[in-house]
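> Okay, here's the structure, questions in a sec.
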Amino acid sequence: MARLCKSHSIPDSACTTKAFIATSGVDKQHGLTCSRFSEAQVKQKAMAKTQKKILIFDHTKPKQIHSASIGQLDV
């Protein structure tokens, strides 16, 4: 089991068909970002363990850049 932070862990054997990923920032150059590194780690692990990634964000998130990188935007 991968321990990502004090309160979150994702089993190494986890495999899902869909992951809904919310993000605080979406930028062409910097990709998907959020403000907490522990949150970014959980989202990176979830994205690595799923077949289909579904990105969730509202109209205020494009061109926002935060300190923790979740991954690149691949359209």
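By convention in this document, the chains of the structure tokens carry letters A, B, ... by their order, each chain's residues are numbered from 1, and ligands are numbered from 1 in the order they are shown.
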Determine, counting only C-alpha atoms, which protein, DNA and RNA residues have an atom within 8 Å of an atom of Leu55 (chain A); residues of the same chain fewer than 6 positions away are not included. Present the result as a list in words.

Phe20, Ile21, Ala22 and Thr23 of chain A

> The selected residues should be written to file as a CSV table (one decimal), in the first residue's frame (atoms: N, CA and C atoms).


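Result file is part.csv:
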chain,number,residue,atom,x,y,z
A,20,PHE,N,-12.3,10.7,-11.3
A,20,PHE,CA,-12.7,12.1,-11.5
A,20,PHE,C,-11.7,12.9,-10.7
A,21,ILE,N,-11.0,13.8,-11.4
A,21,ILE,CA,-9.9,14.6,-10.7
A,21,ILE,C,-10.3,16.0,-10.8
A,22,ALA,N,-10.4,16.6,-9.6
A,22,ALA,CA,-10.7,18.1,-9.5
A,22,ALA,C,-9.4,18.8,-9.3
A,23,THR,N,-9.2,20.0,-9.9
A,23,THR,CA,-8.0,20.7,-9.9
A,23,THR,C,-8.3,22.2,-9.6

> Excluding same-chain residues fewer than 2 positions from Lys28 (chain A), what lies within 10 Å of it counting only C-alpha atoms, as a tab-separated table (two decimals) with C-alpha atoms, in the first residue's frame?


chain	number	residue	atom	x	y	z
A	26	VAL	CA	-5.27	24.49	-15.37
A	30	HIS	CA	2.26	24.16	-16.23
A	31	GLY	CA	-0.52	21.59	-16.53
A	32	LEU	CA	-2.80	20.68	-13.64
A	62	PRO	CA	-7.89	28.16	-16.50
A	63	LYS	CA	-4.63	30.15	-16.37
A	72	GLN	CA	0.42	17.66	-17.60
A	73	LEU	CA	-2.68	18.54	-19.55
A	74	ASP	CA	-3.08	16.09	-22.43

> Mind listing the strand (DSSP E) residues of chain A, per DSSP on the backbone, as a PyMOL selection string?

chain A and resi 2-5+8-10+16-22+25-27+31-34+50-56+68-71

> Okay, now the selection with C-alpha atoms, as an mmCIF file, in the first residue's frame?


data_model
loop_
_atom_site.group_PDB
_atom_site.id
_atom_site.type_symbol
_atom_site.label_atom_id
_atom_site.label_comp_id
_atom_site.auth_asym_id
_atom_site.auth_seq_id
_atom_site.Cartn_x
_atom_site.Cartn_y
_atom_site.Cartn_z
ATOM 1 C CA ALA A 2 1.409 3.373 -0.980
ATOM 2 C CA ARG A 3 1.284 5.825 1.924
ATOM 3 C CA LEU A 4 0.805 9.286 0.464
ATOM 4 C CA CYS A 5 0.269 11.382 3.573
ATOM 5 C CA HIS A 8 -4.523 9.145 2.694
ATOM 6 C CA SER A 9 -3.313 5.947 1.113
ATOM 7 C CA ILE A 10 -4.157 4.045 -2.050
ATOM 8 C CA THR A 16 -10.366 1.682 -11.484
ATOM 9 C CA THR A 17 -12.086 2.310 -14.787
ATOM 10 C CA LYS A 18 -12.682 6.038 -14.146
ATOM 11 C CA ALA A 19 -11.125 8.689 -11.917
ATOM 12 C CA PHE A 20 -12.730 12.092 -11.454
ATOM 13 C CA ILE A 21 -9.919 14.563 -10.734
ATOM 14 C CA ALA A 22 -10.690 18.066 -9.481
ATOM 15 C CA GLY A 25 -5.387 25.313 -11.662
ATOM 16 C CA VAL A 26 -5.274 24.492 -15.372
ATOM 17 C CA ASP A 27 -2.542 25.964 -17.548
ATOM 18 C CA GLY A 31 -0.525 21.593 -16.533
ATOM 19 C CA LEU A 32 -2.802 20.681 -13.635
ATOM 20 C CA THR A 33 -1.944 22.158 -10.242
ATOM 21 C CA CYS A 34 -3.273 22.459 -6.699
ATOM 22 C CA THR A 50 -7.159 4.274 -13.698
ATOM 23 C CA GLN A 51 -8.147 3.601 -17.286
ATOM 24 C CA LYS A 52 -9.965 6.891 -17.914
ATOM 25 C CA LYS A 53 -9.218 10.277 -16.325
ATOM 26 C CA ILE A 54 -12.036 12.829 -16.095
ATOM 27 C CA LEU A 55 -10.934 16.347 -15.210
ATOM 28 C CA ILE A 56 -13.305 18.559 -13.225
ATOM 29 C CA ALA A 68 1.867 21.510 -6.395
ATOM 30 C CA SER A 69 1.880 19.851 -9.811
ATOM 31 C CA ILE A 70 -0.651 17.092 -10.461
ATOM 32 C CA GLY A 71 0.376 16.392 -14.053
#

> When DSSP works through the backbone of this structure, what residues of chain A end up as helix (DSSP H, G or I), shown as a list in words?

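Residues meeting the helix (DSSP H, G or I) criterion: Phe37, Ser38, Glu39, Ala40, Gln41, Val42, Lys43, Gln44, Lys45, Ala46, Met47 and Ala48 of chain A.
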
> Pull N, CA and C atoms from the residues just selected and write them as a PDB file, in the first residue's frame.


ATOM      1  N   PHE A  37       0.721  19.705  -1.610  1.00  0.00           N
ATOM      2  CA  PHE A  37       1.513  18.620  -2.179  1.00  0.00           C
ATOM      3  C   PHE A  37       0.917  17.253  -1.848  1.00  0.00           C
ATOM      4  N   SER A  38       0.363  17.083  -0.655  1.00  0.00           N
ATOM      5  CA  SER A  38      -0.243  15.796  -0.293  1.00  0.00           C
ATOM      6  C   SER A  38      -1.445  15.492  -1.187  1.00  0.00           C
ATOM      7  N   GLU A  39      -2.209  16.502  -1.516  1.00  0.00           N
ATOM      8  CA  GLU A  39      -3.356  16.348  -2.419  1.00  0.00           C
ATOM      9  C   GLU A  39      -2.878  15.969  -3.823  1.00  0.00           C
ATOM     10  N   ALA A  40      -1.819  16.606  -4.285  1.00  0.00           N
ATOM     11  CA  ALA A  40      -1.275  16.307  -5.615  1.00  0.00           C
ATOM     12  C   ALA A  40      -0.795  14.861  -5.693  1.00  0.00           C
ATOM     13  N   GLN A  41      -0.163  14.359  -4.627  1.00  0.00           N
ATOM     14  CA  GLN A  41       0.320  12.978  -4.610  1.00  0.00           C
ATOM     15  C   GLN A  41      -0.831  11.983  -4.730  1.00  0.00           C
ATOM     16  N   VAL A  42      -1.913  12.228  -4.011  1.00  0.00           N
ATOM     17  CA  VAL A  42      -3.078  11.342  -4.069  1.00  0.00           C
ATOM     18  C   VAL A  42      -3.660  11.336  -5.482  1.00  0.00           C
ATOM     19  N   LYS A  43      -3.767  12.507  -6.079  1.00  0.00           N
ATOM     20  CA  LYS A  43      -4.339  12.616  -7.423  1.00  0.00           C
ATOM     21  C   LYS A  43      -3.427  11.979  -8.473  1.00  0.00           C
ATOM     22  N   GLN A  44      -2.108  12.123  -8.324  1.00  0.00           N
ATOM     23  CA  GLN A  44      -1.164  11.480  -9.242  1.00  0.00           C
ATOM     24  C   GLN A  44      -1.308   9.961  -9.179  1.00  0.00           C
ATOM     25  N   LYS A  45      -1.403   9.425  -7.974  1.00  0.00           N
ATOM     26  CA  LYS A  45      -1.535   7.979  -7.790  1.00  0.00           C
ATOM     27  C   LYS A  45      -2.858   7.485  -8.385  1.00  0.00           C
ATOM     28  N   ALA A  46      -3.940   8.223  -8.134  1.00  0.00           N
ATOM     29  CA  ALA A  46      -5.250   7.841  -8.679  1.00  0.00           C
ATOM     30  C   ALA A  46      -5.224   7.852 -10.201  1.00  0.00           C
ATOM     31  N   MET A  47      -4.572   8.848 -10.789  1.00  0.00           N
ATOM     32  CA  MET A  47      -4.493   8.938 -12.250  1.00  0.00           C
ATOM     33  C   MET A  47      -3.664   7.804 -12.835  1.00  0.00           C
ATOM     34  N   ALA A  48      -2.636   7.384 -12.113  1.00  0.00           N
ATOM     35  CA  ALA A  48      -1.785   6.295 -12.597  1.00  0.00           C
ATOM     36  C   ALA A  48      -2.496   4.945 -12.541  1.00  0.00           C
TER      37      ALA A  48
END
